[in-house]
Amino acid sequence: MSKVHNYSAGPCILPNEVFKEAADSILNFNNLDLSLIEISHRSKDFVAVMEEARSLVREILDVPDDYEVLFLQGGASLGFLTAAYNMMGKNKTGGYLVTGSWAKKAAKEAKFMGHSVTLASSEDKNFNYIPKDYEVQSNLDYFHVTSNNTIFGTQIKDFYNGEVPLVCDMSSDIFSRKINITDFDLIYAGAQKNMGPAGTTLYIFKKEILGKSSVPIPTMLDLKTHADKDSMFNTPPVFPIYASMLTLRWLKNNGGVESIELKNQNKADLIYNEIDRNSLFSGTANKEDRSNMNATFALNNESDKDEFDQMLVDANISGLKGHRSVGGYRASMYNALPIESVQVLVDVMKELENKKA
Ligand code: PMP
């Protein structure tokens with residue numbers, strides 16, 4: 001276990017064994033006496049990496065055959081636009097659940113080639129809850145949600161299950177829990193949380209969406225371009241895909257999403273119980289919508305800040321500062337963060353309370 005307890009919100013902690021194997025492969029990949037990053041992406045050694053990565057996604061998330069799995073580029077931010085382009089139907093209108101800054105940005109992108117309608121927003125309370133009272137009108141071409149709001153620490157627990165095609169930005173909680181792929185028509189996720197280093201973006205979608213858009217799609221944003229070429233239309237980001245493949249192997253070897261979901265629940269319970277018990281702290285997100293990936297909380301008394309911050313440094317806790325739009329603290333507890341690291345944080349919070357007693 002690393003001596004630093006890494007709570008970074010993303011890019012974030014990955015399994016140590018992934019770093020070791022990725023480092024070895026940078027020097028000598030598959031005993032070729034060549035680096036992973038100096039061989040052709042069309043070589044059989046790299047094609048095997050791409051195929052294993054795609055098949056691990058299928059296996060771990062139980063992706064049915066009528067869905068496609070692609071490792072593309074552009075981050076989730078290009079996913080906002082890619083999703084809108086590919087999902088625009090005859091009404092050229094997407095409905096958005098605006099639960100945070102990323103969701104808001106996604107809604108904005110749809111306006112480049114169509115319309116976006118905000119079905120509900122939690123901006124009135126600085127995105128500290130997930131709206132539940134809204135209607136998804138049947139004339140919408142798709143309904144877009146953000147499964148986990150990385151900045152604000154909220155997470156959707158139950159997904160929409162109606163007639164309108166569901167699109168989800170799953171960047172910050174994919175592979176953290178069991179999901180039912182068939183609830184979704186299109187999922188996209190930037191790699192840099194549970195999956196691997198930044199630089200690749202995962203797309204999982206129903207094959208039947210391809211070629212149905214009502215707007216002309218630029219070549220690189222057309223998912224059909226990439227599906228037709230098995231995710232190899234142009235040079236893929238070989239290192240992030242390789243490291244993602246190693247992380248997915250690690251996840252599979254450690255019991256897959258069922259096992260990690262339980263571990264993530266235990267970590268979340270540990271930190272939230274302390275936030276609620278400790279008289280010096282308060283959680284910032286609505287209890288029922290709390291994220292198991294990013295726990296946001298604040299000191300009740302700002303005058304304790306310098307002391308607490310120093311205690312965090314002394315305990316080797318890194319990356320706990322909250323996002324500037326929320327303030328306070330954010331404990332990002334992605335898959336690779338061990339529960340021991342959460343215990344260290346909880347102990348520091350208890351110690352502060354004892355000092356103040
Ligand atoms: N959506 C969510 C939920 C995110 O957490 C992030 C980044 N942290 C993004 C979108 C933007 O991702 P990218 O930086 O890959 O464009």
# chains A, B, ... in the order shown; residues from 1 in each chain; ligands from 1

call {"tool": "residues_around", "arguments": {"residues": "Phe112 of chain A", "least_positions_apart": "2", "cutoff": "9 Å", "atoms": "only C-alpha atoms", "output": "list in words"}}
result
Leu81, Ala84, Tyr85, Lys108, Glu109, Ala110, Gly114 and His115 of chain A

call {"tool": "write_last_selection", "arguments": {"atoms": "N, CA, C and O atoms", "output": "PDB file, in the first residue's frame"}}
result
ATOM      1  N   LEU A  81     -20.752  16.229 -26.818  1.00  0.00           N
ATOM      2  CA  LEU A  81     -21.096  16.572 -28.199  1.00  0.00           C
ATOM      3  C   LEU A  81     -21.372  15.306 -29.023  1.00  0.00           C
ATOM      4  O   LEU A  81     -22.335  15.241 -29.785  1.00  0.00           O
ATOM      5  N   ALA A  84     -24.763  13.891 -28.303  1.00  0.00           N
ATOM      6  CA  ALA A  84     -25.848  14.677 -28.902  1.00  0.00           C
ATOM      7  C   ALA A  84     -25.919  14.437 -30.412  1.00  0.00           C
ATOM      8  O   ALA A  84     -26.992  14.190 -30.963  1.00  0.00           O
ATOM      9  N   TYR A  85     -24.776  14.484 -31.086  1.00  0.00           N
ATOM     10  CA  TYR A  85     -24.762  14.257 -32.531  1.00  0.00           C
ATOM     11  C   TYR A  85     -25.390  12.910 -32.891  1.00  0.00           C
ATOM     12  O   TYR A  85     -26.183  12.798 -33.819  1.00  0.00           O
ATOM     13  N   LYS A 108     -25.353  22.114 -22.794  1.00  0.00           N
ATOM     14  CA  LYS A 108     -24.948  23.229 -23.663  1.00  0.00           C
ATOM     15  C   LYS A 108     -24.498  22.713 -25.038  1.00  0.00           C
ATOM     16  O   LYS A 108     -24.819  23.298 -26.074  1.00  0.00           O
ATOM     17  N   GLU A 109     -23.771  21.605 -25.045  1.00  0.00           N
ATOM     18  CA  GLU A 109     -23.221  21.093 -26.312  1.00  0.00           C
ATOM     19  C   GLU A 109     -24.316  20.685 -27.297  1.00  0.00           C
ATOM     20  O   GLU A 109     -24.143  20.793 -28.504  1.00  0.00           O
ATOM     21  N   ALA A 110     -25.435  20.184 -26.781  1.00  0.00           N
ATOM     22  CA  ALA A 110     -26.512  19.715 -27.672  1.00  0.00           C
ATOM     23  C   ALA A 110     -27.021  20.843 -28.550  1.00  0.00           C
ATOM     24  O   ALA A 110     -27.546  20.618 -29.639  1.00  0.00           O
ATOM     25  N   GLY A 114     -28.769  21.027 -32.299  1.00  0.00           N
ATOM     26  CA  GLY A 114     -30.183  20.789 -32.018  1.00  0.00           C
ATOM     27  C   GLY A 114     -30.625  21.604 -30.814  1.00  0.00           C
ATOM     28  O   GLY A 114     -30.137  22.706 -30.589  1.00  0.00           O
ATOM     29  N   HIS A 115     -31.542  21.032 -30.073  1.00  0.00           N
ATOM     30  CA  HIS A 115     -32.061  21.751 -28.908  1.00  0.00           C
ATOM     31  C   HIS A 115     -31.818  20.916 -27.659  1.00  0.00           C
ATOM     32  O   HIS A 115     -31.824  19.692 -27.713  1.00  0.00           O
TER      33      HIS A 115
END

call {"tool": "residues_around", "arguments": {"residues": "segment 181-198 of chain A", "least_positions_apart": "2", "cutoff": "6 Å", "atoms": "only C-alpha atoms", "output": "list in words"}}
result
Gly10, Pro11, Cys12, Gly75, Ala76, Pro165, Leu166, Val167, Cys168, Asp169, Met170, Ser171, Ser172, Ile179, Thr200, Thr201, Leu202, Tyr203, Ile204, Phe205, Lys206, Pro240, Ala243, Ser244, Tyr334 and Asn335 of chain A

call {"tool": "atom_distance", "arguments": {"atom1": "atom CA of Phe80 of chain A", "atom2": "atom CA of Gln155 of chain A"}}
result
18.5 Å

call {"tool": "residues_around", "arguments": {"residues": "Asp269 of chain A", "least_positions_apart": "4", "cutoff": "12 Å", "atoms": "only C-alpha atoms", "output": "list in words"}}
result
Leu262, Lys263, Asn264, Gln265, Asn273, Glu274, Ile275, Asp276, Arg277, Lys287, Arg290, Ser291, Asn292, Met293, Ala295, Met333, Ile339, Val342, Gln343 and Val346 of chain A

call {"tool": "closest_residue", "arguments": {"among": "A:Leu97, A:Ala120, A:Leu246, A:Leu72", "to": "Phe233 of chain A", "atoms": "only C-alpha atoms"}}
result
A:Leu72

call {"tool": "residues_around", "arguments": {"residues": "segment 252-260 of chain A", "least_positions_apart": "3", "cutoff": "7 Å", "atoms": "only C-alpha atoms", "output": "list in words"}}
result
Ile60, Phe175, Ser176, Arg177, Lys178, Leu248, Arg249, Lys263, Asn264 and Asn335 of chain A

call {"tool": "write_last_selection", "arguments": {"atoms": "N, CA, C and O atoms", "output": "JSON list (two decimals), in the first residue's frame"}}
result
[["chain", "number", "residue", "atom", "x", "y", "z"],
["A", 60, "ILE", "N", -17.09, -7.70, -17.62],
["A", 60, "ILE", "CA", -17.28, -7.12, -16.29],
["A", 60, "ILE", "C", -18.66, -6.47, -16.15],
["A", 60, "ILE", "O", -19.31, -6.58, -15.11],
["A", 175, "PHE", "N", -17.88, 1.11, -13.44],
["A", 175, "PHE", "CA", -17.12, -0.01, -12.82],
["A", 175, "PHE", "C", -17.09, 0.04, -11.30],
["A", 175, "PHE", "O", -16.34, -0.70, -10.67],
["A", 176, "SER", "N", -17.90, 0.93, -10.68],
["A", 176, "SER", "CA", -17.90, 0.98, -9.22],
["A", 176, "SER", "C", -19.05, 0.18, -8.63],
["A", 176, "SER", "O", -19.09, -0.08, -7.44],
["A", 177, "ARG", "N", -20.03, -0.16, -9.48],
["A", 177, "ARG", "CA", -21.23, -0.84, -9.00],
["A", 177, "ARG", "C", -21.86, -1.57, -10.17],
["A", 177, "ARG", "O", -21.58, -1.28, -11.33],
["A", 178, "LYS", "N", -22.77, -2.46, -9.82],
["A", 178, "LYS", "CA", -23.48, -3.21, -10.85],
["A", 178, "LYS", "C", -24.48, -2.28, -11.53],
["A", 178, "LYS", "O", -25.19, -1.53, -10.85],
["A", 248, "LEU", "N", -8.76, -3.20, -15.68],
["A", 248, "LEU", "CA", -9.94, -4.06, -15.80],
["A", 248, "LEU", "C", -9.59, -5.52, -15.46],
["A", 248, "LEU", "O", -10.38, -6.22, -14.83],
["A", 249, "ARG", "N", -8.37, -5.94, -15.84],
["A", 249, "ARG", "CA", -7.91, -7.28, -15.42],
["A", 249, "ARG", "C", -7.88, -7.37, -13.89],
["A", 249, "ARG", "O", -8.32, -8.36, -13.30],
["A", 263, "LYS", "N", -17.22, -3.30, -1.41],
["A", 263, "LYS", "CA", -16.09, -2.59, -0.80],
["A", 263, "LYS", "C", -16.34, -1.08, -0.83],
["A", 263, "LYS", "O", -16.05, -0.37, 0.14],
["A", 264, "ASN", "N", -16.86, -0.59, -1.95],
["A", 264, "ASN", "CA", -17.13, 0.85, -2.05],
["A", 264, "ASN", "C", -18.21, 1.27, -1.07],
["A", 264, "ASN", "O", -18.16, 2.36, -0.49],
["A", 335, "ASN", "N", -12.31, 2.99, -6.88],
["A", 335, "ASN", "CA", -12.13, 1.54, -6.65],
["A", 335, "ASN", "C", -10.81, 1.16, -5.98],
["A", 335, "ASN", "O", -10.78, 0.28, -5.12]]

call {"tool": "select_by_dssp", "arguments": {"residues": "segment 95-141 of chain A", "states": "helix (DSSP H, G or I)", "output": "mmCIF file with N, CA, C and O atoms, in the first residue's frame"}}
result
data_model
loop_
_atom_site.group_PDB
_atom_site.id
_atom_site.type_symbol
_atom_site.label_atom_id
_atom_site.label_comp_id
_atom_site.auth_asym_id
_atom_site.auth_seq_id
_atom_site.Cartn_x
_atom_site.Cartn_y
_atom_site.Cartn_z
ATOM 1 N N SER A 101 -22.143 20.668 -12.705
ATOM 2 C CA SER A 101 -21.480 21.452 -13.748
ATOM 3 C C SER A 101 -21.273 20.643 -15.021
ATOM 4 O O SER A 101 -21.375 21.162 -16.125
ATOM 5 N N TRP A 102 -20.962 19.344 -14.885
ATOM 6 C CA TRP A 102 -20.726 18.530 -16.085
ATOM 7 C C TRP A 102 -22.010 18.327 -16.855
ATOM 8 O O TRP A 102 -22.031 18.389 -18.082
ATOM 9 N N ALA A 103 -23.093 18.097 -16.135
ATOM 10 C CA ALA A 103 -24.399 17.917 -16.786
ATOM 11 C C ALA A 103 -24.797 19.196 -17.521
ATOM 12 O O ALA A 103 -25.328 19.148 -18.635
ATOM 13 N N LYS A 104 -24.502 20.335 -16.907
ATOM 14 C CA LYS A 104 -24.835 21.619 -17.512
ATOM 15 C C LYS A 104 -24.041 21.818 -18.807
ATOM 16 O O LYS A 104 -24.556 22.285 -19.821
ATOM 17 N N LYS A 105 -22.776 21.412 -18.744
ATOM 18 C CA LYS A 105 -21.944 21.535 -19.954
ATOM 19 C C LYS A 105 -22.454 20.595 -21.049
ATOM 20 O O LYS A 105 -22.433 20.938 -22.230
ATOM 21 N N ALA A 106 -22.882 19.414 -20.657
ATOM 22 C CA ALA A 106 -23.419 18.456 -21.643
ATOM 23 C C ALA A 106 -24.641 19.060 -22.332
ATOM 24 O O ALA A 106 -24.774 18.992 -23.559
ATOM 25 N N ALA A 107 -25.521 19.667 -21.553
ATOM 26 C CA ALA A 107 -26.751 20.267 -22.109
ATOM 27 C C ALA A 107 -26.411 21.378 -23.097
ATOM 28 O O ALA A 107 -27.062 21.527 -24.132
ATOM 29 N N LYS A 108 -25.353 22.114 -22.794
ATOM 30 C CA LYS A 108 -24.948 23.229 -23.663
ATOM 31 C C LYS A 108 -24.498 22.713 -25.038
ATOM 32 O O LYS A 108 -24.819 23.298 -26.074
ATOM 33 N N GLU A 109 -23.771 21.605 -25.045
ATOM 34 C CA GLU A 109 -23.221 21.093 -26.312
ATOM 35 C C GLU A 109 -24.316 20.685 -27.297
ATOM 36 O O GLU A 109 -24.143 20.793 -28.504
ATOM 37 N N ALA A 110 -25.435 20.184 -26.781
ATOM 38 C CA ALA A 110 -26.512 19.715 -27.672
ATOM 39 C C ALA A 110 -27.021 20.843 -28.550
ATOM 40 O O ALA A 110 -27.546 20.618 -29.639
ATOM 41 N N GLU A 123 -29.620 23.200 -9.454
ATOM 42 C CA GLU A 123 -28.719 24.342 -9.286
ATOM 43 C C GLU A 123 -29.213 25.289 -8.202
ATOM 44 O O GLU A 123 -28.417 26.014 -7.588
ATOM 45 N N ASP A 124 -30.530 25.291 -7.932
ATOM 46 C CA ASP A 124 -31.074 26.181 -6.892
ATOM 47 C C ASP A 124 -30.425 25.927 -5.534
ATOM 48 O O ASP A 124 -30.365 26.809 -4.692
ATOM 49 N N LYS A 125 -29.930 24.709 -5.308
ATOM 50 C CA LYS A 125 -29.276 24.393 -4.023
ATOM 51 C C LYS A 125 -27.836 23.964 -4.253
ATOM 52 O O LYS A 125 -27.349 23.013 -3.622
#

call {"tool": "residues_around", "arguments": {"residues": "Ser332 of chain A", "least_positions_apart": "3", "cutoff": "8 Å", "atoms": "only C-alpha atoms", "output": "list in words"}}
result
Tyr7, Ser8, Ala9, Met293, Asn294, Ala295 and Leu320 of chain A

call {"tool": "write_last_selection", "arguments": {"atoms": "N, CA, C and O atoms", "output": "PDB file, in the first residue's frame"}}
result
ATOM      1  N   TYR A   7      -6.654  10.825  -2.229  1.00  0.00           N
ATOM      2  CA  TYR A   7      -8.082  11.117  -2.385  1.00  0.00           C
ATOM      3  C   TYR A   7      -8.371  11.965  -3.615  1.00  0.00           C
ATOM      4  O   TYR A   7      -9.432  12.577  -3.695  1.00  0.00           O
ATOM      5  N   SER A   8      -7.449  12.008  -4.548  1.00  0.00           N
ATOM      6  CA  SER A   8      -7.624  12.863  -5.723  1.00  0.00           C
ATOM      7  C   SER A   8      -8.902  12.508  -6.489  1.00  0.00           C
ATOM      8  O   SER A   8      -9.223  11.331  -6.683  1.00  0.00           O
ATOM      9  N   ALA A   9      -9.597  13.560  -6.960  1.00  0.00           N
ATOM     10  CA  ALA A   9     -10.898  13.369  -7.624  1.00  0.00           C
ATOM     11  C   ALA A   9     -10.764  12.888  -9.065  1.00  0.00           C
ATOM     12  O   ALA A   9     -11.734  12.483  -9.693  1.00  0.00           O
ATOM     13  N   MET A 293     -18.702   7.511  -4.404  1.00  0.00           N
ATOM     14  CA  MET A 293     -17.376   7.796  -4.985  1.00  0.00           C
ATOM     15  C   MET A 293     -16.760   9.049  -4.389  1.00  0.00           C
ATOM     16  O   MET A 293     -15.577   9.082  -4.079  1.00  0.00           O
ATOM     17  N   ASN A 294     -17.565  10.112  -4.263  1.00  0.00           N
ATOM     18  CA  ASN A 294     -17.035  11.401  -3.802  1.00  0.00           C
ATOM     19  C   ASN A 294     -17.878  11.892  -2.626  1.00  0.00           C
ATOM     20  O   ASN A 294     -19.033  12.273  -2.801  1.00  0.00           O
ATOM     21  N   ALA A 295     -17.308  11.843  -1.431  1.00  0.00           N
ATOM     22  CA  ALA A 295     -18.031  12.311  -0.242  1.00  0.00           C
ATOM     23  C   ALA A 295     -17.636  13.760   0.019  1.00  0.00           C
ATOM     24  O   ALA A 295     -16.470  14.058   0.246  1.00  0.00           O
ATOM     25  N   LEU A 320      -7.595  16.057  -0.694  1.00  0.00           N
ATOM     26  CA  LEU A 320      -8.899  16.102  -0.021  1.00  0.00           C
ATOM     27  C   LEU A 320      -9.627  17.444  -0.188  1.00  0.00           C
ATOM     28  O   LEU A 320     -10.808  17.543   0.161  1.00  0.00           O
TER      29      LEU A 320
END

call {"tool": "residues_around", "arguments": {"residues": "Met311 of chain A", "least_positions_apart": "4", "cutoff": "7 Å", "atoms": "only C-alpha atoms", "output": "list in words"}}
result
Glu307, Ala315 and Val348 of chain A

call {"tool": "write_last_selection", "arguments": {"atoms": "C-alpha atoms", "output": "tab-separated table (two decimals), in the first residue's frame"}}
result
chain	number	residue	atom	x	y	z
A	307	GLU	CA	-5.36	22.81	12.24
A	315	ALA	CA	-1.23	11.84	8.15
A	348	VAL	CA	-7.82	12.23	11.91

call {"tool": "closest_residue", "arguments": {"among": "A:Glu340, A:Asp173, A:Asp222, A:Glu351", "to": "ligand 1", "atoms": "only C-alpha atoms and all ligand atoms"}}
result
A:Asp173

call {"tool": "closest_residue", "arguments": {"among": "A:Val49, A:Leu56, A:Gly89, A:Ile13", "to": "Val215 of chain A", "atoms": "only C-alpha atoms"}}
result
A:Gly89

call {"tool": "select_by_dssp", "arguments": {"residues": "segment 100-176 of chain A", "states": "strand (DSSP E)", "output": "PyMOL selection string"}}
result
chain A and resi 115-121+142-146+148-149+154-155+166-169

call {"tool": "write_last_selection", "arguments": {"atoms": "N, CA, C and O atoms", "output": "PDB file, in the first residue's frame"}}
result
ATOM      1  N   HIS A 115     -31.542  21.032 -30.073  1.00  0.00           N
ATOM      2  CA  HIS A 115     -32.061  21.751 -28.908  1.00  0.00           C
ATOM      3  C   HIS A 115     -31.818  20.916 -27.659  1.00  0.00           C
ATOM      4  O   HIS A 115     -31.824  19.692 -27.713  1.00  0.00           O
ATOM      5  N   SER A 116     -31.658  21.610 -26.548  1.00  0.00           N
ATOM      6  CA  SER A 116     -31.608  20.864 -25.298  1.00  0.00           C
ATOM      7  C   SER A 116     -32.588  21.487 -24.318  1.00  0.00           C
ATOM      8  O   SER A 116     -32.714  22.705 -24.233  1.00  0.00           O
ATOM      9  N   VAL A 117     -33.318  20.610 -23.664  1.00  0.00           N
ATOM     10  CA  VAL A 117     -34.336  21.043 -22.718  1.00  0.00           C
ATOM     11  C   VAL A 117     -33.902  20.565 -21.336  1.00  0.00           C
ATOM     12  O   VAL A 117     -33.553  19.393 -21.167  1.00  0.00           O
ATOM     13  N   THR A 118     -33.902  21.468 -20.371  1.00  0.00           N
ATOM     14  CA  THR A 118     -33.585  21.062 -18.998  1.00  0.00           C
ATOM     15  C   THR A 118     -34.869  20.545 -18.349  1.00  0.00           C
ATOM     16  O   THR A 118     -35.816  21.303 -18.148  1.00  0.00           O
ATOM     17  N   LEU A 119     -34.898  19.250 -18.051  1.00  0.00           N
ATOM     18  CA  LEU A 119     -36.121  18.665 -17.479  1.00  0.00           C
ATOM     19  C   LEU A 119     -36.225  18.969 -15.995  1.00  0.00           C
ATOM     20  O   LEU A 119     -37.316  19.107 -15.449  1.00  0.00           O
ATOM     21  N   ALA A 120     -35.073  19.051 -15.347  1.00  0.00           N
ATOM     22  CA  ALA A 120     -35.031  19.439 -13.926  1.00  0.00           C
ATOM     23  C   ALA A 120     -33.589  19.801 -13.612  1.00  0.00           C
ATOM     24  O   ALA A 120     -32.665  19.310 -14.256  1.00  0.00           O
ATOM     25  N   SER A 121     -33.435  20.680 -12.629  1.00  0.00           N
ATOM     26  CA  SER A 121     -32.093  21.107 -12.251  1.00  0.00           C
ATOM     27  C   SER A 121     -32.022  21.248 -10.729  1.00  0.00           C
ATOM     28  O   SER A 121     -33.014  21.620 -10.091  1.00  0.00           O
ATOM     29  N   TYR A 142     -33.776  11.834 -26.789  1.00  0.00           N
ATOM     30  CA  TYR A 142     -33.054  11.087 -25.757  1.00  0.00           C
ATOM     31  C   TYR A 142     -33.124  11.851 -24.442  1.00  0.00           C
ATOM     32  O   TYR A 142     -33.471  13.036 -24.427  1.00  0.00           O
ATOM     33  N   PHE A 143     -32.824  11.142 -23.372  1.00  0.00           N
ATOM     34  CA  PHE A 143     -32.791  11.737 -22.039  1.00  0.00           C
ATOM     35  C   PHE A 143     -31.374  11.530 -21.495  1.00  0.00           C
ATOM     36  O   PHE A 143     -30.887  10.396 -21.438  1.00  0.00           O
ATOM     37  N   HIS A 144     -30.718  12.631 -21.131  1.00  0.00           N
ATOM     38  CA  HIS A 144     -29.317  12.570 -20.708  1.00  0.00           C
ATOM     39  C   HIS A 144     -29.179  12.773 -19.190  1.00  0.00           C
ATOM     40  O   HIS A 144     -29.702  13.742 -18.642  1.00  0.00           O
ATOM     41  N   VAL A 145     -28.469  11.854 -18.546  1.00  0.00           N
ATOM     42  CA  VAL A 145     -28.207  11.991 -17.102  1.00  0.00           C
ATOM     43  C   VAL A 145     -26.712  11.817 -16.824  1.00  0.00           C
ATOM     44  O   VAL A 145     -25.974  11.263 -17.640  1.00  0.00           O
ATOM     45  N   THR A 146     -26.292  12.310 -15.678  1.00  0.00           N
ATOM     46  CA  THR A 146     -24.910  12.136 -15.207  1.00  0.00           C
ATOM     47  C   THR A 146     -25.008  11.245 -13.968  1.00  0.00           C
ATOM     48  O   THR A 146     -25.601  11.641 -12.965  1.00  0.00           O
ATOM     49  N   ASN A 148     -22.945  10.155 -11.700  1.00  0.00           N
ATOM     50  CA  ASN A 148     -22.288  10.568 -10.458  1.00  0.00           C
ATOM     51  C   ASN A 148     -21.734  11.982 -10.655  1.00  0.00           C
ATOM     52  O   ASN A 148     -21.017  12.230 -11.625  1.00  0.00           O
ATOM     53  N   ASN A 149     -22.097  12.856  -9.731  1.00  0.00           N
ATOM     54  CA  ASN A 149     -21.682  14.250  -9.851  1.00  0.00           C
ATOM     55  C   ASN A 149     -20.420  14.465  -9.022  1.00  0.00           C
ATOM     56  O   ASN A 149     -20.484  14.739  -7.821  1.00  0.00           O
ATOM     57  N   THR A 154     -23.004  13.857  -5.400  1.00  0.00           N
ATOM     58  CA  THR A 154     -24.305  13.184  -5.458  1.00  0.00           C
ATOM     59  C   THR A 154     -24.261  12.105  -6.536  1.00  0.00           C
ATOM     60  O   THR A 154     -23.449  12.178  -7.463  1.00  0.00           O
ATOM     61  N   GLN A 155     -25.163  11.139  -6.408  1.00  0.00           N
ATOM     62  CA  GLN A 155     -25.141   9.983  -7.322  1.00  0.00           C
ATOM     63  C   GLN A 155     -26.568   9.503  -7.552  1.00  0.00           C
ATOM     64  O   GLN A 155     -27.364   9.445  -6.600  1.00  0.00           O
ATOM     65  N   LEU A 166     -32.071   6.384 -23.144  1.00  0.00           N
ATOM     66  CA  LEU A 166     -31.327   6.961 -22.024  1.00  0.00           C
ATOM     67  C   LEU A 166     -29.837   7.049 -22.367  1.00  0.00           C
ATOM     68  O   LEU A 166     -29.221   6.071 -22.784  1.00  0.00           O
ATOM     69  N   VAL A 167     -29.270   8.244 -22.170  1.00  0.00           N
ATOM     70  CA  VAL A 167     -27.845   8.497 -22.401  1.00  0.00           C
ATOM     71  C   VAL A 167     -27.228   8.869 -21.059  1.00  0.00           C
ATOM     72  O   VAL A 167     -27.814   9.642 -20.301  1.00  0.00           O
ATOM     73  N   CYS A 168     -26.066   8.306 -20.763  1.00  0.00           N
ATOM     74  CA  CYS A 168     -25.485   8.580 -19.443  1.00  0.00           C
ATOM     75  C   CYS A 168     -23.995   8.896 -19.517  1.00  0.00           C
ATOM     76  O   CYS A 168     -23.218   8.140 -20.092  1.00  0.00           O
ATOM     77  N   ASP A 169     -23.615  10.009 -18.900  1.00  0.00           N
ATOM     78  CA  ASP A 169     -22.202  10.299 -18.636  1.00  0.00           C
ATOM     79  C   ASP A 169     -21.863   9.552 -17.345  1.00  0.00           C
ATOM     80  O   ASP A 169     -22.317   9.921 -16.269  1.00  0.00           O
TER      81      ASP A 169
END

call {"tool": "atom_distance", "arguments": {"atom1": "atom CA of Phe152 of chain A", "atom2": "atom CA of Ser303 of chain A"}}
result
23.0 Å
